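*Asks:* Got a file for you: start_28.cif, mmCIF, C-alpha atoms and all ligand atoms.
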data_data
#
loop_
_atom_site.group_PDB
_atom_site.id
_atom_site.type_symbol
_atom_site.label_atom_id
_atom_site.label_comp_id
_atom_site.auth_asym_id
_atom_site.auth_seq_id
_atom_site.Cartn_x
_atom_site.Cartn_y
_atom_site.Cartn_z
ATOM 1 C CA MET A 1 -3.013 -17.250 -26.701
ATOM 2 C CA HIS A 2 -4.674 -15.208 -23.962
ATOM 3 C CA LEU A 3 -3.820 -11.719 -25.079
ATOM 4 C CA TRP A 4 -4.866 -10.143 -21.791
ATOM 5 C CA THR A 5 -1.776 -11.808 -20.355
ATOM 6 C CA VAL A 6 0.346 -10.285 -23.138
ATOM 7 C CA PHE A 7 -1.086 -6.799 -22.441
ATOM 8 C CA PRO A 8 -1.761 -6.888 -18.676
ATOM 9 C CA ASN A 9 -1.225 -3.174 -17.999
ATOM 10 C CA LEU A 10 -3.464 -2.053 -20.827
ATOM 11 C CA THR A 11 -6.204 -4.575 -20.005
ATOM 12 C CA LYS A 12 -6.253 -3.469 -16.379
ATOM 13 C CA ILE A 13 -6.335 0.247 -17.138
ATOM 14 C CA VAL A 14 -9.001 -0.081 -19.856
ATOM 15 C CA ARG A 15 -11.180 -2.189 -17.564
ATOM 16 C CA LYS A 16 -10.842 0.455 -14.847
ATOM 17 C CA ALA A 17 -11.769 3.167 -17.380
ATOM 18 C CA HIS A 18 -15.027 1.303 -18.132
ATOM 19 C CA VAL A 19 -15.882 0.592 -14.497
ATOM 20 C CA SER A 20 -15.135 4.112 -13.211
ATOM 21 C CA ARG A 21 -17.501 5.583 -15.815
ATOM 22 C CA LYS A 22 -20.165 2.961 -15.080
ATOM 23 C CA MET A 23 -20.245 2.006 -18.774
ATOM 24 C CA ALA A 24 -23.416 -0.021 -19.419
ATOM 25 C CA HIS A 25 -26.134 -0.696 -21.989
ATOM 26 C CA GLY A 26 -23.983 -3.032 -24.011
ATOM 27 C CA HIS A 27 -20.873 -0.858 -23.964
ATOM 28 C CA ASP A 28 -19.314 -2.176 -20.787
ATOM 29 C CA PHE A 29 -15.900 -3.838 -20.465
ATOM 30 C CA ASP A 30 -17.356 -7.235 -21.309
ATOM 31 C CA HIS A 31 -18.478 -5.849 -24.681
ATOM 32 C CA ALA A 32 -14.989 -4.498 -25.405
ATOM 33 C CA PHE A 33 -13.491 -7.816 -24.288
ATOM 34 C CA ALA A 34 -15.766 -9.810 -26.622
ATOM 35 C CA VAL A 35 -15.010 -7.477 -29.531
ATOM 36 C CA ALA A 36 -11.280 -7.862 -28.830
ATOM 37 C CA GLN A 37 -11.525 -11.652 -28.842
ATOM 38 C CA LEU A 38 -13.427 -11.694 -32.146
ATOM 39 C CA ALA A 39 -11.220 -9.056 -33.784
ATOM 40 C CA GLN A 40 -8.256 -11.293 -33.006
ATOM 41 C CA THR A 41 -10.161 -14.233 -34.548
ATOM 42 C CA PHE A 42 -10.738 -12.241 -37.725
ATOM 43 C CA TRP A 43 -7.170 -10.892 -37.999
ATOM 44 C CA SER A 44 -4.583 -12.988 -36.187
ATOM 45 C CA ASP A 45 -1.385 -11.042 -36.516
ATOM 46 C CA SER A 46 1.487 -11.990 -34.273
ATOM 47 C CA SER A 47 1.472 -8.724 -32.343
ATOM 48 C CA GLY A 48 -2.186 -8.759 -31.287
ATOM 49 C CA GLN A 49 -3.031 -5.345 -32.749
ATOM 50 C CA ALA A 50 -6.628 -6.304 -33.565
ATOM 51 C CA TRP A 51 -7.184 -7.513 -30.004
ATOM 52 C CA VAL A 52 -5.792 -4.282 -28.571
ATOM 53 C CA ALA A 53 -7.947 -2.212 -30.938
ATOM 54 C CA GLY A 54 -11.002 -4.155 -29.741
ATOM 55 C CA ILE A 55 -10.298 -3.671 -26.051
ATOM 56 C CA CYS A 56 -9.789 0.090 -26.641
ATOM 57 C CA HIS A 57 -12.724 0.685 -29.010
ATOM 58 C CA ASN A 58 -15.124 2.267 -26.473
ATOM 59 C CA ALA A 59 -12.814 5.253 -26.036
ATOM 60 C CA ASP A 60 -15.118 7.609 -27.952
ATOM 61 C CA ARG A 61 -18.049 6.675 -25.705
ATOM 62 C CA MET A 62 -15.910 7.416 -22.643
ATOM 63 C CA ILE A 63 -14.967 10.859 -23.926
ATOM 64 C CA ALA A 64 -18.658 11.455 -24.668
ATOM 65 C CA ILE A 65 -19.427 10.711 -21.002
ATOM 66 C CA ASP A 66 -16.551 12.884 -19.785
ATOM 67 C CA LEU A 67 -17.570 15.863 -21.944
ATOM 68 C CA GLY A 68 -21.338 15.337 -21.600
ATOM 69 C CA LYS A 69 -21.663 15.402 -25.392
ATOM 70 C CA PRO A 70 -23.257 13.068 -27.940
ATOM 71 C CA ARG A 71 -20.821 10.505 -29.312
ATOM 72 C CA GLY A 72 -20.922 12.132 -32.759
ATOM 73 C CA GLU A 73 -19.589 15.409 -31.326
ATOM 74 C CA VAL A 74 -16.573 13.940 -29.587
ATOM 75 C CA PRO A 75 -13.282 15.431 -30.899
ATOM 76 C CA ALA A 76 -11.136 12.762 -32.561
ATOM 77 C CA ALA A 77 -8.058 14.311 -30.947
ATOM 78 C CA ASP A 78 -9.456 13.605 -27.452
ATOM 79 C CA VAL A 79 -10.135 9.976 -28.364
ATOM 80 C CA GLU A 80 -6.621 9.596 -29.699
ATOM 81 C CA VAL A 81 -5.080 11.086 -26.536
ATOM 82 C CA LEU A 82 -7.022 8.635 -24.354
ATOM 83 C CA VAL A 83 -6.142 5.611 -26.507
ATOM 84 C CA ARG A 84 -2.502 6.695 -26.652
ATOM 85 C CA SER A 85 -2.362 6.941 -22.869
ATOM 86 C CA TRP A 86 -3.478 3.300 -22.670
ATOM 87 C CA LEU A 87 -1.156 2.060 -25.432
ATOM 88 C CA ASP A 88 1.827 3.780 -23.815
ATOM 89 C CA THR A 89 1.452 1.444 -20.799
ATOM 90 C CA GLU A 90 2.623 -1.462 -22.975
ATOM 91 C CA PRO A 91 6.370 -1.332 -23.749
ATOM 92 C CA ASN A 92 6.141 -3.986 -26.467
ATOM 93 C CA LEU A 93 3.927 -1.997 -28.837
ATOM 94 C CA SER A 94 5.883 -0.143 -31.520
ATOM 95 C CA GLU A 95 5.044 3.378 -32.631
ATOM 96 C CA GLU A 96 3.739 2.033 -35.946
ATOM 97 C CA GLU A 97 1.477 -0.476 -34.167
ATOM 98 C CA LYS A 98 0.130 2.261 -31.911
ATOM 99 C CA GLN A 99 -0.750 4.355 -34.958
ATOM 100 C CA ILE A 100 -2.562 1.428 -36.619
ATOM 101 C CA ILE A 101 -4.514 0.662 -33.437
ATOM 102 C CA ALA A 102 -5.456 4.293 -32.793
ATOM 103 C CA ARG A 103 -6.641 4.682 -36.398
ATOM 104 C CA ALA A 104 -8.793 1.548 -36.143
ATOM 105 C CA VAL A 105 -10.413 2.795 -32.922
ATOM 106 C CA LEU A 106 -11.093 6.231 -34.425
ATOM 107 C CA ASN A 107 -12.682 4.754 -37.559
ATOM 108 C CA HIS A 108 -14.540 1.765 -36.126
ATOM 109 C CA GLY A 109 -17.987 3.395 -36.161
ATOM 110 C CA ARG A 110 -17.668 4.692 -39.709
ATOM 111 C CA PRO A 111 -18.959 3.013 -42.885
ATOM 112 C CA ASN A 112 -16.628 0.661 -44.723
ATOM 113 C CA GLU A 113 -13.853 2.387 -46.674
ATOM 114 C CA GLU A 114 -11.678 0.991 -49.454
ATOM 115 C CA SER A 115 -8.688 2.294 -47.519
ATOM 116 C CA ASP A 116 -9.465 0.347 -44.301
ATOM 117 C CA ASP A 117 -6.479 -1.720 -43.216
ATOM 118 C CA ALA A 118 -6.716 -5.281 -41.857
ATOM 119 C CA VAL A 119 -6.932 -4.191 -38.201
ATOM 120 C CA THR A 120 -9.735 -1.702 -38.907
ATOM 121 C CA ILE A 121 -11.659 -4.309 -40.918
ATOM 122 C CA ALA A 122 -11.247 -6.874 -38.129
ATOM 123 C CA LEU A 123 -12.455 -4.358 -35.520
ATOM 124 C CA LYS A 124 -15.474 -3.241 -37.552
ATOM 125 C CA ASP A 125 -16.419 -6.861 -38.284
ATOM 126 C CA ALA A 126 -16.018 -7.887 -34.645
ATOM 127 C CA ASP A 127 -18.203 -5.038 -33.362
ATOM 128 C CA ARG A 128 -20.917 -5.919 -35.874
ATOM 129 C CA VAL A 129 -20.848 -9.653 -35.108
ATOM 130 C CA VAL A 130 -20.997 -9.060 -31.343
ATOM 131 C CA ASN A 131 -23.965 -6.763 -31.894
ATOM 132 C CA THR A 132 -25.985 -9.584 -33.495
ATOM 133 C CA ARG A 133 -25.548 -12.048 -30.627
ATOM 134 C CA LEU A 134 -28.727 -13.018 -28.828
ATOM 135 C CA ASP A 135 -27.898 -10.707 -25.926
ATOM 136 C CA VAL A 136 -28.794 -7.865 -28.296
ATOM 137 C CA ILE A 137 -32.406 -8.724 -27.374
ATOM 138 C CA ILE A 138 -31.750 -7.702 -23.769
ATOM 139 C CA ARG A 139 -29.583 -4.748 -24.778
ATOM 140 C CA SER A 140 -32.180 -3.457 -27.185
ATOM 141 C CA ALA A 141 -34.917 -3.716 -24.568
ATOM 142 C CA GLN A 142 -32.727 -1.711 -22.168
ATOM 143 C CA PHE A 143 -31.955 0.888 -24.796
ATOM 144 C CA HIS A 144 -35.582 1.234 -25.934
ATOM 145 C CA SER A 145 -37.050 0.829 -22.457
ATOM 146 C CA GLU A 146 -39.704 3.523 -22.957
ATOM 147 C CA GLN A 147 -41.028 2.023 -26.178
ATOM 148 C CA LEU A 148 -43.589 -0.677 -26.873
ATOM 149 C CA VAL A 149 -42.297 -4.231 -27.168
ATOM 150 C CA LEU A 150 -44.014 -4.714 -30.527
ATOM 151 C CA ASP A 151 -46.766 -3.533 -32.831
ATOM 152 C CA PRO A 152 -49.380 -6.362 -32.623
ATOM 153 C CA VAL A 153 -50.797 -5.611 -36.091
ATOM 154 C CA ARG A 154 -47.566 -5.224 -38.016
ATOM 155 C CA LEU A 155 -45.231 -7.578 -36.094
ATOM 156 C CA LEU A 156 -42.509 -8.532 -38.611
ATOM 157 C CA SER A 157 -44.505 -7.740 -41.735
ATOM 158 C CA GLY A 158 -44.679 -4.636 -43.889
ATOM 159 C CA GLU A 159 -42.420 -1.666 -44.292
ATOM 160 C CA LYS A 160 -40.114 -0.554 -41.516
ATOM 161 C CA VAL A 161 -41.496 2.384 -39.572
ATOM 162 C CA GLY A 162 -39.378 5.291 -38.341
ATOM 163 C CA ARG A 163 -35.644 5.704 -38.747
ATOM 164 C CA TYR A 164 -32.712 3.492 -37.788
ATOM 165 C CA ASN A 165 -31.953 3.886 -34.072
ATOM 166 C CA SER A 166 -35.359 5.491 -33.445
ATOM 167 C CA ARG A 167 -37.825 2.749 -34.359
ATOM 168 C CA PRO A 168 -41.197 2.767 -32.569
ATOM 169 C CA THR A 169 -40.862 -0.709 -30.990
ATOM 170 C CA VAL A 170 -38.134 -2.981 -29.630
ATOM 171 C CA MET A 171 -39.104 -5.609 -32.196
ATOM 172 C CA ASP A 172 -38.547 -3.076 -34.992
ATOM 173 C CA ALA A 173 -35.109 -2.248 -33.587
ATOM 174 C CA LEU A 174 -34.211 -5.944 -33.479
ATOM 175 C CA ARG A 175 -35.477 -6.354 -37.020
ATOM 176 C CA ASP A 176 -32.795 -3.878 -38.097
ATOM 177 C CA CYS A 177 -30.149 -6.269 -36.738
ATOM 178 C CA LEU A 178 -31.283 -8.888 -39.268
ATOM 179 C CA ASP A 179 -29.910 -6.667 -42.059
ATOM 180 C CA TRP A 180 -26.380 -7.316 -40.780
ATOM 181 C CA GLY A 181 -26.686 -10.870 -42.106
ATOM 182 C CA ASP A 182 -27.471 -9.616 -45.595
ATOM 183 C CA PHE A 183 -23.847 -8.720 -46.273
ATOM 184 C CA ASN A 184 -24.054 -9.266 -50.042
ATOM 185 C CA SER A 185 -26.833 -6.713 -50.542
ATOM 186 C CA PRO A 186 -25.602 -3.439 -52.131
ATOM 187 C CA GLU A 187 -27.968 -1.593 -49.761
ATOM 188 C CA ASN A 188 -26.049 -2.888 -46.747
ATOM 189 C CA ALA A 189 -22.569 -2.706 -48.276
ATOM 190 C CA ARG A 190 -21.508 0.345 -46.270
ATOM 191 C CA PHE A 191 -21.796 -1.562 -42.993
ATOM 192 C CA ALA A 192 -21.391 -5.181 -44.143
ATOM 193 C CA VAL A 193 -18.825 -7.517 -42.593
ATOM 194 C CA ARG A 194 -15.937 -8.355 -44.921
ATOM 195 C CA THR A 195 -13.815 -11.156 -43.456
ATOM 196 C CA GLU A 196 -14.837 -14.747 -44.220
ATOM 197 C CA LYS A 197 -14.983 -15.780 -40.546
ATOM 198 C CA ALA A 198 -17.203 -12.806 -39.718
ATOM 199 C CA LYS A 199 -19.543 -13.647 -42.610
ATOM 200 C CA TRP A 200 -19.842 -17.213 -41.358
ATOM 201 C CA MET A 201 -20.504 -16.144 -37.745
ATOM 202 C CA ILE A 202 -22.949 -13.359 -38.508
ATOM 203 C CA THR A 203 -24.986 -15.657 -40.756
ATOM 204 C CA GLU A 204 -25.421 -18.070 -37.858
ATOM 205 C CA TYR A 205 -26.163 -15.352 -35.286
ATOM 206 C CA VAL A 206 -28.708 -13.564 -37.487
ATOM 207 C CA ALA A 207 -30.494 -16.863 -38.216
ATOM 208 C CA GLU A 208 -30.852 -17.424 -34.450
ATOM 209 C CA LEU A 209 -32.160 -13.903 -33.911
ATOM 210 C CA ARG A 210 -34.608 -14.298 -36.789
ATOM 211 C CA ALA A 211 -35.854 -17.602 -35.304
ATOM 212 C CA PHE A 212 -36.448 -15.854 -31.959
ATOM 213 C CA LEU A 213 -38.474 -13.069 -33.570
ATOM 214 C CA GLU A 214 -40.482 -15.521 -35.681
ATOM 215 C CA LYS A 215 -41.214 -17.594 -32.564
ATOM 216 C CA ILE A 216 -42.839 -14.544 -30.985
ATOM 217 C CA VAL A 217 -45.197 -14.285 -33.968
ATOM 218 C CA GLU A 218 -45.852 -18.032 -33.902
ATOM 219 C CA GLN A 219 -46.783 -17.991 -30.202
ATOM 220 C CA ARG A 220 -49.176 -15.103 -30.739
ATOM 221 C CA ARG A 221 -50.718 -16.926 -33.702
ATOM 222 C CA LYS A 222 -51.368 -19.970 -31.472
ATOM 223 C CA GLU A 223 -53.146 -17.673 -29.036
ATOM 224 C CA GLY A 224 -55.430 -16.323 -31.781
ATOM 225 C CA LEU A 225 -53.762 -12.909 -31.828
ATOM 226 C CA VAL A 226 -52.631 -13.059 -35.488
ATOM 227 C CA PRO A 227 -54.206 -11.332 -37.328
ATOM 228 C CA TYR A 228 -54.860 -8.704 -34.681
ATOM 229 C CA PRO A 229 -58.110 -6.694 -34.712
ATOM 230 C CA VAL A 230 -57.184 -3.524 -36.555
ATOM 231 C CA GLU A 231 -59.590 -1.445 -34.440
ATOM 232 C CA PHE A 232 -57.255 -2.049 -31.486
ATOM 233 C CA ALA A 233 -54.178 -0.988 -33.398
ATOM 234 C CA ARG A 234 -52.153 1.844 -31.973
ATOM 235 C CA ASP A 235 -53.507 5.336 -32.496
HETATM 236 FE FE FE A 301 -18.801 -1.763 -29.774
#
Mind turning the file's structure into structure tokens?
Ligand SMILES: [Fe+2]
*Replies:*
Amino acid sequence: MHLWTVFPNLTKIVRKAHVSRKMAHGHDFDHAFAVAQLAQTFWSDSSGQAWVAGICHNADRMIAIDLGKPRGEVPAADVEVLVRSWLDTEPNLSEEEKQIIARAVLNHGRPNEESDDAVTIALKDADRVVNTRLDVIIRSAQFHSEQLVLDPVRLLSGEKVGRYNSRPTVMDALRDCLDWGDFNSPENARFAVRTEKAKWMITEYVAELRAFLEKIVEQRRKEGLVPYPVEFARD
């Protein structure tokens, strides 16, 4: 079922909220739409709560834009008010459903919790799977536009340098995405996908991303650039 036809008012108003704020860098309406579609795939309840949570999940980023604050400093109450204003445009959503959806949106960026309900799990899984699609290569390059593409000496080998979200090269940032596929590792458990469909999809997506990164190394090897002269390594 096309859930945007079930929730036409909400879809229209949420799309407008993205466009009016010029949401970009992988957090535009198309991202929310993709997350909604996958969340519904991972938790297909009859009322479409997971889909609605997905379409609404950029609310915190919108408040961050409105307040000119980092996303981590956005008051949860403001996010809830915005999400509520969207949900109230749909007469068929019950009060209980609205609470479940709002909670999922508020918690979607947090680590996994034992207490997460099915809608929250579906939303977290969907966001993580979408973020390992091959378009993450373009998104990452946009996000890290001031950084080097890669370190020609290190490439994919050796220890990771820097911290998550502030790696020195785009290739290092993409390498972090490969960890999403390692959902059985205790190290990654806090942000691992949990539904079976998400595990299946993320395994495939991460394998494709890994193949892309390894192809870069292979091409450079053909050109005689691997190993790279250490004297020309970055200072
Ligand atoms: Fe997202």
*Asks:* Run the PyMOL selection byres (((chain A and resi 88) around 12) and not hetatm) against the file shown and list the residues it catches, as a list in words.
*Replies:* Phe7, Asn9, Leu10, Ile13, Glu80, Val81, Leu82, Val83, Arg84, Ser85, Trp86, Leu87, Thr89, Glu90, Pro91, Asn92, Leu93, Ser94, Glu95, Glu97, Lys98, Gln99, Ile101 and Ala102 of chain A
*Asks:* Enumerate, as number ranges by chain, the residues matched when the PyMOL selection byres (((not hetatm)) within 7 of (chain A and resi 301)) is run on the file above.
*Replies:* A: 27, 31-32, 35, 57-58, 127
*Asks:* So how far away is atom CA of Ala173 of chain A from atom CA of Glu223 of chain A, in Å?
*Replies:*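 So the two atoms, atom CA of Glu223 of chain A and atom CA of Ala173 of chain A, lie 24.2 Å apart.
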*Asks:* Expressed in Å to a single decimal, how great is the separation between atom CA of Trp200 of chain A and atom CA of Ala122 of chain A?
*Replies:*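 So the two atoms, atom CA of Trp200 of chain A and atom CA of Ala122 of chain A, lie 13.8 Å apart.
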*Asks:* Identify, on the basis of all atoms listed in the file, every residue whose closest approach to Gln40 of chain A does not exceed 12 Å; exclude the query and any residue fewer than 2 positions from it along the same chain; express the result as a PyMOL selection string.
*Replies:* chain A and resi 1-4+33-38+42-55+118-127+195+197-198
*Asks:* Starting from the displayed file, determine the output of the PyMOL selection byres (((chain A and resi 208-222) around 12) and not hetatm) and express the residue list as a VMD selection string.
*Replies:* chain A and resid 131 to 138 149 to 157 170 to 181 201 to 207 223 to 228
*Asks:* Between A:Ala189, A:Ala233, A:Val130, A:Cys56, which residue has the minimum interatomic distance to Gly26 of chain A, considering all atoms listed in the file?
*Replies:* A:Val130
*Asks:* Between A:Ala104, A:Ala24, A:Val193, A:Val14, single out the one closest to Gln142 of chain A, counting only C-alpha atoms.
*Replies:*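 Checking each candidate against Gln142 of chain A, we get A:Ala24 as the closest.
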*Asks:* State, in Å with one decimal place, the distance from atom CA of Asp28 of chain A to atom CA of Pro70 of chain A.
*Replies:* 17.3 Å
*Asks:* Using all atoms listed in the file, which residue out of A:Ser166, A:Asp60, A:Phe232, A:Thr5 lies closest to Ala17 of chain A?
*Replies:*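 With all atoms listed in the file as the atom set, the closest residue is A:Asp60.
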*Asks:* I need the residue nearest Ala76 of chain A from this list: A:Asn184, A:Glu96, A:Gly162, A:Val105. Use all atoms listed in the file for the distance.
*Replies:* A:Val105
